[in-house]
$ cat final.txt   # compact mmCIF, C-alpha atoms and all ligand atoms
# COMPACT_ATOMS: atom_id res chain seq x y z
CA MET U 1 102.77 88.56 91.82
CA ILE U 2 104.17 85.50 93.55
CA TYR U 3 101.79 82.75 92.51
CA LEU U 4 101.44 79.99 95.08
CA ASP U 5 98.09 78.62 93.96
CA ALA U 6 99.13 76.11 91.33
CA ASN U 7 96.70 73.47 92.60
CA ALA U 8 93.89 75.81 91.51
CA THR U 9 95.36 76.43 88.06
CA THR U 10 98.75 77.02 86.46
CA PRO U 11 99.95 79.65 83.99
CA LEU U 12 100.28 78.61 80.37
CA LEU U 13 103.86 77.94 79.34
CA PRO U 14 105.02 80.13 76.41
CA GLU U 15 105.76 76.97 74.40
CA VAL U 16 102.19 75.79 74.95
CA ILE U 17 100.83 79.11 73.70
CA GLU U 18 103.07 78.82 70.62
CA ALA U 19 101.72 75.33 69.91
CA MET U 20 98.14 76.59 70.13
CA LEU U 21 98.42 79.90 68.30
CA PRO U 22 98.36 78.65 64.68
CA TRP U 23 95.11 76.83 65.50
CA MET U 24 93.53 80.05 66.69
CA ARG U 25 94.79 82.03 63.70
CA GLU U 26 95.16 80.54 60.25
CA ARG U 27 94.44 76.85 60.92
CA PHE U 28 90.94 75.78 61.73
CA GLY U 29 89.98 72.42 60.20
CA ASN U 30 87.40 70.14 61.77
CA PRO U 31 89.19 66.85 62.53
CA SER U 32 86.15 64.97 61.20
CA SER U 33 86.35 66.61 57.75
CA ALA U 34 87.80 64.58 54.92
CA HIS U 35 89.54 67.50 53.16
CA SER U 36 93.17 68.41 53.76
CA ALA U 37 92.42 71.08 56.41
CA GLY U 38 90.38 68.52 58.34
CA ARG U 39 93.01 65.85 57.95
CA ARG U 40 95.67 68.24 59.23
CA ALA U 41 93.57 68.95 62.33
CA ARG U 42 93.08 65.20 62.80
CA ARG U 43 96.84 64.59 62.64
CA ALA U 44 97.42 67.36 65.18
CA VAL U 45 94.84 65.90 67.58
CA GLU U 46 96.34 62.42 67.21
CA SER U 47 99.82 63.71 67.90
CA ALA U 48 98.52 65.42 71.08
CA ARG U 49 96.87 62.14 72.05
CA ALA U 50 100.22 60.37 71.76
CA GLN U 51 101.85 63.06 73.94
CA VAL U 52 99.21 62.69 76.66
CA ALA U 53 99.44 58.89 76.46
CA ALA U 54 103.23 59.10 76.87
CA LEU U 55 102.85 61.08 80.10
CA LEU U 56 100.81 58.19 81.54
CA GLN U 57 102.73 55.36 79.82
CA ALA U 58 99.40 54.51 78.15
CA GLN U 59 98.46 53.68 74.55
CA PRO U 60 97.13 56.61 72.47
CA GLU U 61 93.86 54.76 71.81
CA GLU U 62 93.28 54.67 75.58
CA ILE U 63 93.05 58.48 75.77
CA VAL U 64 89.70 60.27 75.38
CA PHE U 65 89.82 64.06 75.30
CA THR U 66 87.17 65.81 77.40
CA SER U 67 86.33 69.33 78.55
CA GLY U 68 88.27 68.74 81.77
CA ALA U 69 88.60 66.34 84.65
CA THR U 70 85.13 67.12 86.01
CA GLU U 71 83.61 65.77 82.81
CA ALA U 72 85.93 62.76 82.82
CA ILE U 73 85.01 61.87 86.41
CA ASN U 74 81.30 62.30 85.71
CA ALA U 75 81.59 60.16 82.57
CA VAL U 76 83.19 57.23 84.43
CA LEU U 77 80.83 57.30 87.39
CA SER U 78 77.72 57.68 85.22
CA PHE U 79 78.88 54.81 83.03
CA ALA U 80 79.65 52.50 85.96
CA GLN U 81 76.29 53.10 87.61
CA ALA U 82 74.38 52.44 84.41
CA GLU U 83 76.50 49.45 83.43
CA TRP U 84 76.62 47.36 86.59
CA THR U 85 73.05 47.67 87.85
CA ASP U 86 73.34 44.39 89.76
CA ARG U 87 76.13 45.99 91.84
CA PRO U 88 74.75 49.28 93.17
CA VAL U 89 77.72 50.30 95.36
CA LEU U 90 80.30 53.01 94.70
CA ILE U 91 83.33 53.03 96.96
CA THR U 92 85.11 56.36 97.26
CA SER U 93 86.79 58.45 99.96
CA GLN U 94 85.96 61.28 102.31
CA VAL U 95 88.62 63.49 100.76
CA GLU U 96 87.65 63.60 97.09
CA HIS U 97 87.59 66.80 95.08
CA ALA U 98 84.09 68.30 94.71
CA ALA U 99 83.85 66.72 91.24
CA GLY U 100 84.13 63.24 92.76
CA LEU U 101 82.03 64.01 95.82
CA GLU U 102 79.14 65.53 93.90
CA ALA U 103 79.17 62.73 91.36
CA ALA U 104 78.99 60.31 94.31
CA GLU U 105 76.05 62.25 95.73
CA ARG U 106 74.26 61.90 92.43
CA TRP U 107 75.06 58.17 92.42
CA GLN U 108 73.20 57.97 95.73
CA ALA U 109 70.35 60.24 94.57
CA GLN U 110 69.84 57.85 91.66
CA GLY U 111 69.27 54.93 93.98
CA GLY U 112 72.84 53.69 94.39
CA GLU U 113 74.78 53.19 97.58
CA VAL U 114 77.99 55.04 98.39
CA ARG U 115 80.56 53.80 100.88
CA LEU U 116 83.00 56.50 101.94
CA ILE U 117 86.39 55.27 103.08
CA PRO U 118 87.84 57.38 105.91
CA VAL U 119 91.38 58.76 106.12
CA ASP U 120 93.67 58.93 109.14
CA ALA U 121 95.01 62.07 110.84
CA GLN U 122 97.69 62.31 108.13
CA GLY U 123 95.09 62.16 105.38
CA LEU U 124 96.02 58.63 104.33
CA LEU U 125 93.29 56.33 103.08
CA ASN U 126 92.30 53.63 105.56
CA VAL U 127 93.10 50.57 103.51
CA GLU U 128 91.71 48.15 106.13
CA VAL U 129 88.28 49.78 105.86
CA LEU U 130 88.56 49.58 102.07
CA GLU U 131 89.30 45.87 102.35
CA SER U 132 86.27 45.21 104.53
CA GLU U 133 83.97 47.33 102.33
CA LEU U 134 85.13 45.36 99.31
CA LYS U 135 84.31 42.14 101.17
CA ALA U 136 80.77 43.42 101.77
CA GLY U 137 80.36 43.07 98.00
CA ARG U 138 78.00 44.42 95.31
CA VAL U 139 80.58 47.07 94.33
CA ALA U 140 80.41 48.51 90.81
CA LEU U 141 83.39 50.85 91.00
CA ALA U 142 86.02 52.26 93.34
CA SER U 143 87.03 55.86 92.69
CA PHE U 144 89.83 57.63 94.54
CA ILE U 145 91.69 60.90 94.36
CA TRP U 146 95.35 60.05 93.79
CA GLY U 147 97.00 63.25 95.02
CA ASN U 148 94.89 65.43 97.26
CA ASN U 149 94.35 68.96 95.95
CA GLU U 150 94.25 70.46 99.45
CA THR U 151 96.94 68.60 101.37
CA GLY U 152 98.93 66.92 98.60
CA VAL U 153 98.62 63.58 100.42
CA ILE U 154 99.03 60.66 98.05
CA THR U 155 96.69 57.67 98.01
CA PRO U 156 98.52 54.30 98.04
CA MET U 157 97.03 53.59 94.63
CA ALA U 158 99.06 50.43 93.86
CA ARG U 159 97.66 48.77 97.00
CA VAL U 160 94.16 50.11 96.30
CA VAL U 161 94.21 48.65 92.79
CA GLU U 162 95.54 45.33 94.06
CA LEU U 163 92.76 45.01 96.64
CA CYS U 164 90.00 46.17 94.29
CA HIS U 165 91.09 43.92 91.44
CA ALA U 166 91.30 40.95 93.80
CA ALA U 167 87.65 41.67 94.63
CA GLY U 168 86.74 42.01 90.93
CA VAL U 169 86.19 45.77 91.20
CA LEU U 170 87.47 48.26 88.63
CA VAL U 171 89.25 51.43 89.80
CA HIS U 172 89.00 55.04 88.69
CA ALA U 173 91.77 57.43 89.78
CA ASP U 174 91.40 61.20 89.90
CA ALA U 175 95.00 61.95 88.95
CA VAL U 176 94.50 65.66 88.30
CA GLN U 177 97.06 66.83 90.85
CA VAL U 178 99.53 64.02 90.23
CA ALA U 179 99.79 64.30 86.44
CA GLY U 180 102.84 66.29 85.42
CA LYS U 181 104.12 66.51 89.00
CA MET U 182 105.06 62.89 89.61
CA PRO U 183 105.75 60.06 87.18
CA LEU U 184 102.61 58.13 86.30
CA ASP U 185 102.64 54.68 84.75
CA VAL U 186 99.31 52.96 84.19
CA SER U 187 101.02 49.65 83.45
CA ALA U 188 102.88 49.68 86.78
CA VAL U 189 99.81 50.85 88.70
CA PRO U 190 97.08 49.38 86.53
CA VAL U 191 94.11 51.64 87.24
CA ASP U 192 91.22 51.06 84.86
CA TYR U 193 90.10 54.67 84.39
CA LEU U 194 92.01 57.84 85.16
CA SER U 195 91.09 61.51 84.86
CA ILE U 196 93.47 64.39 84.26
CA SER U 197 93.19 68.09 83.55
CA SER U 198 95.30 70.25 81.26
CA HIS U 199 95.21 73.46 83.29
CA LYS U 200 96.89 71.91 86.33
CA MET U 201 100.00 71.22 84.26
CA HIS U 202 100.54 74.53 82.46
CA GLY U 203 98.11 73.77 79.64
CA PRO U 204 94.89 75.59 78.76
CA GLN U 205 91.72 75.49 80.84
CA GLY U 206 88.61 73.66 79.65
CA VAL U 207 90.35 70.55 78.36
CA GLY U 208 91.21 67.27 80.03
CA ALA U 209 91.47 63.61 79.31
CA LEU U 210 90.07 60.32 80.45
CA PHE U 211 92.27 57.25 80.25
CA VAL U 212 90.24 54.09 79.64
CA ASN U 213 92.29 50.92 79.86
CA ARG U 214 91.79 49.05 76.58
CA ARG U 215 90.66 45.92 78.44
CA VAL U 216 87.73 47.53 80.27
CA PRO U 217 84.31 48.59 78.99
CA PHE U 218 83.18 52.19 78.63
CA ARG U 219 80.19 53.96 77.17
CA PRO U 220 80.09 57.71 76.62
CA LEU U 221 78.39 60.34 78.69
CA LEU U 222 78.05 62.63 75.67
CA VAL U 223 76.55 61.13 72.54
CA GLY U 224 76.18 62.70 69.13
CA GLY U 225 78.69 62.81 66.29
CA GLY U 226 80.75 59.89 67.58
CA GLN U 227 84.04 61.77 67.94
CA GLU U 228 86.85 60.32 70.07
CA ALA U 229 86.14 56.85 68.66
CA GLY U 230 82.57 57.11 69.86
CA ARG U 231 83.64 57.71 73.46
CA ARG U 232 82.99 61.47 73.66
CA SER U 233 80.89 63.20 71.07
CA GLY U 234 81.30 66.86 70.22
CA THR U 235 83.69 68.59 67.85
CA GLU U 236 87.14 68.50 69.40
CA ASN U 237 88.61 71.61 71.05
CA VAL U 238 91.56 71.45 68.68
CA PRO U 239 93.67 74.35 70.06
CA GLY U 240 92.98 73.21 73.62
CA ILE U 241 93.87 69.61 72.86
CA LEU U 242 97.09 70.67 71.15
CA GLY U 243 97.92 72.85 74.14
CA MET U 244 97.28 69.94 76.49
CA GLY U 245 99.41 67.65 74.35
CA HIS U 246 102.27 70.10 74.40
CA ALA U 247 101.88 70.66 78.14
CA ALA U 248 102.04 66.88 78.66
CA PHE U 249 105.16 66.69 76.51
CA MET U 250 106.83 69.48 78.52
CA ALA U 251 105.78 67.84 81.78
CA SER U 252 107.36 64.55 80.69
CA ASP U 253 110.61 66.42 79.97
CA TRP U 254 110.48 68.21 83.30
CA LEU U 255 109.96 64.95 85.18
CA ALA U 256 112.78 63.27 83.27
CA ALA U 257 115.08 66.15 84.27
CA GLY U 258 114.34 65.62 87.98
CA GLY U 259 111.83 68.46 88.32
CA GLU U 260 109.88 66.68 91.04
CA LYS U 261 112.89 66.64 93.39
CA GLN U 262 113.61 70.32 92.76
CA MET U 263 110.00 71.24 93.43
CA SER U 264 109.83 69.31 96.67
CA ALA U 265 113.11 70.86 97.81
CA LEU U 266 111.61 74.32 97.27
CA ARG U 267 108.43 73.33 99.10
CA ASP U 268 110.47 71.89 101.98
CA ALA U 269 112.50 75.11 102.19
CA LEU U 270 109.28 77.13 102.38
CA GLU U 271 107.90 74.85 105.08
CA SER U 272 111.00 74.93 107.22
CA VAL U 273 111.09 78.76 107.32
CA LEU U 274 107.39 78.92 108.18
CA LEU U 275 107.51 76.15 110.78
CA LEU U 276 110.48 77.79 112.49
CA GLY U 277 109.01 81.27 112.21
CA TRP U 278 105.61 80.66 113.76
CA SER U 279 105.03 79.10 117.12
CA GLY U 280 102.82 76.00 116.86
CA ALA U 281 102.80 76.04 113.04
CA ARG U 282 102.22 72.64 111.46
CA VAL U 283 101.77 71.08 108.07
CA HIS U 284 98.75 68.87 107.48
CA GLY U 285 99.76 65.44 106.24
CA ALA U 286 103.48 66.17 106.83
CA ALA U 287 104.17 62.54 107.77
CA ALA U 288 102.43 61.10 104.70
CA PRO U 289 103.80 60.83 101.16
CA ARG U 290 102.84 64.10 99.47
CA LEU U 291 102.83 65.81 96.09
CA PRO U 292 106.07 67.74 95.61
CA GLY U 293 104.59 71.24 95.51
CA THR U 294 101.73 71.29 98.02
CA CYS U 295 101.87 72.67 101.54
CA SER U 296 98.78 72.83 103.73
CA LEU U 297 99.94 75.02 106.57
CA CYS U 298 98.21 75.74 109.85
CA LEU U 299 99.32 78.97 111.54
CA PRO U 300 97.51 78.83 114.91
CA GLY U 301 95.86 82.08 115.92
CA VAL U 302 95.84 83.50 112.40
CA ASP U 303 92.61 83.92 110.47
CA ALA U 304 93.33 82.42 107.04
CA ALA U 305 90.59 84.48 105.33
CA ALA U 306 92.22 87.71 106.56
CA MET U 307 95.60 86.35 105.52
CA LEU U 308 94.44 85.66 102.00
CA ILE U 309 93.28 89.26 101.59
CA ARG U 310 96.44 90.74 103.07
CA LEU U 311 98.71 88.44 101.11
CA ASP U 312 96.85 89.32 97.94
CA GLN U 313 97.46 93.01 98.66
CA ARG U 314 101.15 92.19 99.04
CA GLY U 315 101.17 90.37 95.71
CA ILE U 316 101.02 86.80 96.93
CA ALA U 317 98.32 84.50 95.58
CA CYS U 318 97.45 81.41 97.57
CA SER U 319 94.27 79.89 98.94
CA GLY U 320 92.59 78.52 102.04
CA GLY U 321 91.39 74.90 102.27
CA SER U 322 90.82 74.76 98.52
CA ALA U 323 90.01 77.26 95.80
CA CYS U 324 86.30 76.65 95.93
CA HIS U 325 86.31 77.09 99.69
CA THR U 326 88.03 80.45 99.82
CA ALA U 327 84.81 82.40 99.51
CA SER U 328 82.96 80.32 102.08
CA LEU U 329 83.36 79.89 105.79
CA HIS U 330 82.82 76.14 105.77
CA PRO U 331 85.79 74.26 107.11
CA SER U 332 87.40 72.14 104.44
CA HIS U 333 85.89 68.63 104.29
CA VAL U 334 89.38 67.25 103.74
CA LEU U 335 90.78 68.75 106.93
CA GLU U 336 87.62 67.72 108.79
CA ALA U 337 88.07 64.14 107.61
CA MET U 338 91.62 64.25 109.02
CA GLY U 339 90.20 65.18 112.41
CA CYS U 340 91.33 68.79 112.24
CA ASP U 341 89.24 71.08 114.47
CA ALA U 342 87.37 74.08 113.03
CA ALA U 343 89.79 76.65 114.49
CA SER U 344 92.83 74.97 112.96
CA ALA U 345 91.04 74.61 109.62
CA ALA U 346 90.21 78.33 109.71
CA SER U 347 93.92 79.04 110.25
CA THR U 348 95.08 76.95 107.32
CA LEU U 349 96.61 78.22 104.11
CA ARG U 350 97.21 76.14 101.02
CA LEU U 351 100.45 77.08 99.30
CA SER U 352 101.00 75.27 96.03
CA LEU U 353 104.02 75.64 93.78
CA SER U 354 104.18 75.41 90.03
CA ARG U 355 107.08 74.51 87.79
CA LEU U 356 107.72 78.23 87.36
CA THR U 357 108.12 78.99 91.08
CA THR U 358 111.66 80.21 91.82
CA PRO U 359 113.82 79.97 94.97
CA ASP U 360 113.73 83.76 95.23
CA GLU U 361 109.93 83.75 95.20
CA ILE U 362 109.88 81.10 97.91
CA HIS U 363 112.24 83.15 100.04
CA ARG U 364 110.21 86.35 99.64
CA ALA U 365 106.88 84.56 100.10
CA ALA U 366 108.02 82.97 103.37
CA GLN U 367 109.02 86.38 104.77
CA GLU U 368 105.77 88.01 103.62
CA ILE U 369 103.62 85.22 105.04
CA LEU U 370 105.27 85.55 108.46
CA SER U 371 105.04 89.33 108.40
CA CYS U 372 101.34 89.25 107.40
CA ALA U 373 100.62 86.66 110.09
CA ARG U 374 102.26 88.85 112.75
CA HIS U 375 100.28 91.85 111.55
CA ILE U 376 96.98 89.95 111.68
CA GLN U 377 97.73 88.50 115.09
CA GLN U 378 98.52 91.97 116.47
CA GLN U 379 95.28 93.36 115.03
CA GLY U 380 93.17 90.47 116.33
N1 LIG U 401 90.03 66.71 90.68
C1 LIG U 401 90.95 67.40 91.36
C2 LIG U 401 91.79 66.70 92.37
C3 LIG U 401 91.13 68.77 91.13
O1 LIG U 401 92.05 69.45 91.82
C4 LIG U 401 90.31 69.40 90.15
C5 LIG U 401 90.40 70.85 89.91
O2 LIG U 401 90.52 71.63 90.83
C6 LIG U 401 89.37 68.63 89.45
C7 LIG U 401 89.25 67.29 89.75
C8 LIG U 401 88.49 69.22 88.39
O3 LIG U 401 89.26 69.45 87.22
P1 LIG U 401 88.73 70.39 86.04
O4 LIG U 401 88.99 71.78 86.49
O5 LIG U 401 89.56 70.02 84.85
O6 LIG U 401 87.30 70.09 85.82

$ encode --input "final.txt" --output "structure tokens"
Amino acid sequence: MIYLDANATTPLLPEVIEAMLPWMRERFGNPSSAHSAGRRARRAVESARAQVAALLQAQPEEIVFTSGATEAINAVLSFAQAEWTDRPVLITSQVEHAAGLEAAERWQAQGGEVRLIPVDAQGLLNVEVLESELKAGRVALASFIWGNNETGVITPMARVVELCHAAGVLVHADAVQVAGKMPLDVSAVPVDYLSISSHKMHGPQGVGALFVNRRVPFRPLLVGGGQEAGRRSGTENVPGILGMGHAAFMASDWLAAGGEKQMSALRDALESVLLLGWSGARVHGAAAPRLPGTCSLCLPGVDAAAMLIRLDQRGIACSGGSACHTASLHPSHVLEAMGCDAASAASTLRLSLSRLTTPDEIHRAAQEILSCARHIQQQG
């Protein structure tokens, strides 16, 4: 299989599996136990915390392990709504992942107000609208996706943080797709809260982390045994956390070795073959800064749903608008927000590379995609 669906999930790296295995075999202590097995588990969790913190240039005590980014996002938004009751407004964007959008819907259902910032035709956040919404006041929190999971378009987070902080508003960043693909530094871009997910960076599924800047308040969504320094109760998923820590460590290495440039060169090579090979083909958000491995490609006249099936039969895994949209006929809300018409959205494939994608796979995938598209066009 040629796997071009890394924005949905990524394969576990062998080194990550090795780091986890002992904790699924002979080691099993509860990090809260005082005996040596418990203390060993505690040390392992704390070393994973330091690895995740290093990926973000954060302090270990600013990292809270969760069951994934969905939980982290829900925790921040629930906290902000409960904490700042005198400021009922949430500012977010039209192009959030479902986790952010649904949490915003609940914010509204619970009596709050949500202001959605639009994006332009390239998928870039309209910073002028953000500025005027901030001026309107009564804002509890601003929450933005940093790297879009469908188009790869990057939010100008430094500017967003600057504007929000000037208005006295704290910022949450959904950095799921950015973490491990581009350098992140929470001191250079001082977001207040940030959510990441292990399985998007070659770690295990069902584990993630919430960064909470040490200067900002936070109260937990999950209460109980007081784990994670009282910020997320529930016995830690020790093997998962160790896997995430190791994945973060490997991602830091990969970034330091220039991995991001190599990945974007591969993505660019894929795009240039496809753009040349299909009349009218275009890449959504091509003129905006983008994640290195994401390509949202419109092949006019080609039904993306039929393409996905045919490509799957030929051993190529990719998706339509986004993974959760592949089974539905709804046009992607992200492409809609960019002003893309329904026909173009229905002809759009999302191709997303992982660190394991090779030049040979890119070459073969490009040929297969063009051949499948020709086949589907002839049939239609
Ligand atoms: N945010 C973005 C941008 C994502 O791509 C995803 C996963 O697809 C999530 C949040 C949810 O992450 P998790 O699967 O860890 O709950």

$ residues_near_ligand --input "final.txt" --ligand "ligand LIG 401 (chain U)" --cutoff "10 Å" --atoms "all atoms listed in the file" --output "number ranges by chain"
U: 6-9, 66-74, 95-101, 144-150, 152, 173-178, 195-200, 204-209, 322-324

$ residues_near_point --input "final.txt" --point "(98.7, 57.0, 73.8)" --cutoff "12 Å" --atoms "only C-alpha atoms" --output "ChimeraX atom specification"
/U:45-65,185-186,209-214,245,248-249

$ write_last_selection --input "final.txt" --atoms "C-alpha atoms" --output "short mmCIF file (atom, residue, chain, number, x, y, z; two decimals), in the coordinates of the input"
data_model
loop_
_atom_site.label_atom_id
_atom_site.label_comp_id
_atom_site.auth_asym_id
_atom_site.auth_seq_id
_atom_site.Cartn_x
_atom_site.Cartn_y
_atom_site.Cartn_z
CA VAL U 45 94.84 65.90 67.58
CA GLU U 46 96.34 62.42 67.21
CA SER U 47 99.82 63.71 67.90
CA ALA U 48 98.52 65.42 71.08
CA ARG U 49 96.87 62.14 72.05
CA ALA U 50 100.22 60.37 71.76
CA GLN U 51 101.85 63.06 73.94
CA VAL U 52 99.21 62.69 76.66
CA ALA U 53 99.44 58.89 76.46
CA ALA U 54 103.23 59.10 76.87
CA LEU U 55 102.85 61.08 80.10
CA LEU U 56 100.81 58.19 81.54
CA GLN U 57 102.73 55.36 79.82
CA ALA U 58 99.40 54.51 78.15
CA GLN U 59 98.46 53.68 74.55
CA PRO U 60 97.13 56.61 72.47
CA GLU U 61 93.86 54.76 71.81
CA GLU U 62 93.28 54.67 75.58
CA ILE U 63 93.05 58.48 75.77
CA VAL U 64 89.70 60.27 75.38
CA PHE U 65 89.82 64.06 75.30
CA ASP U 185 102.64 54.68 84.75
CA VAL U 186 99.31 52.96 84.19
CA ALA U 209 91.47 63.61 79.31
CA LEU U 210 90.07 60.32 80.45
CA PHE U 211 92.27 57.25 80.25
CA VAL U 212 90.24 54.09 79.64
CA ASN U 213 92.29 50.92 79.86
CA ARG U 214 91.79 49.05 76.58
CA GLY U 245 99.41 67.65 74.35
CA ALA U 248 102.04 66.88 78.66
CA PHE U 249 105.16 66.69 76.51
#

$ atom_distance --input "final.txt" --atom1 "CA of Arg374 in chain U" --atom2 "CA of Val273 in chain U"
14.5 Å

$ atom_distance --input "final.txt" --atom1 "CA of Pro156 in chain U" --atom2 "CA of Gln262 in chain U"
22.6 Å

$ closest_residue --input "final.txt" --among "U:Val189, U:Pro118, U:Ala366, U:Ser143" --to "Gly339 in chain U" --atoms "only C-alpha atoms"
U:Pro118

$ closest_residue --input "final.txt" --among "U:Ser252, U:Ser352, U:Ser78, U:Gln313" --to "Thr151 in chain U" --atoms "all atoms listed in the file"
U:Ser352
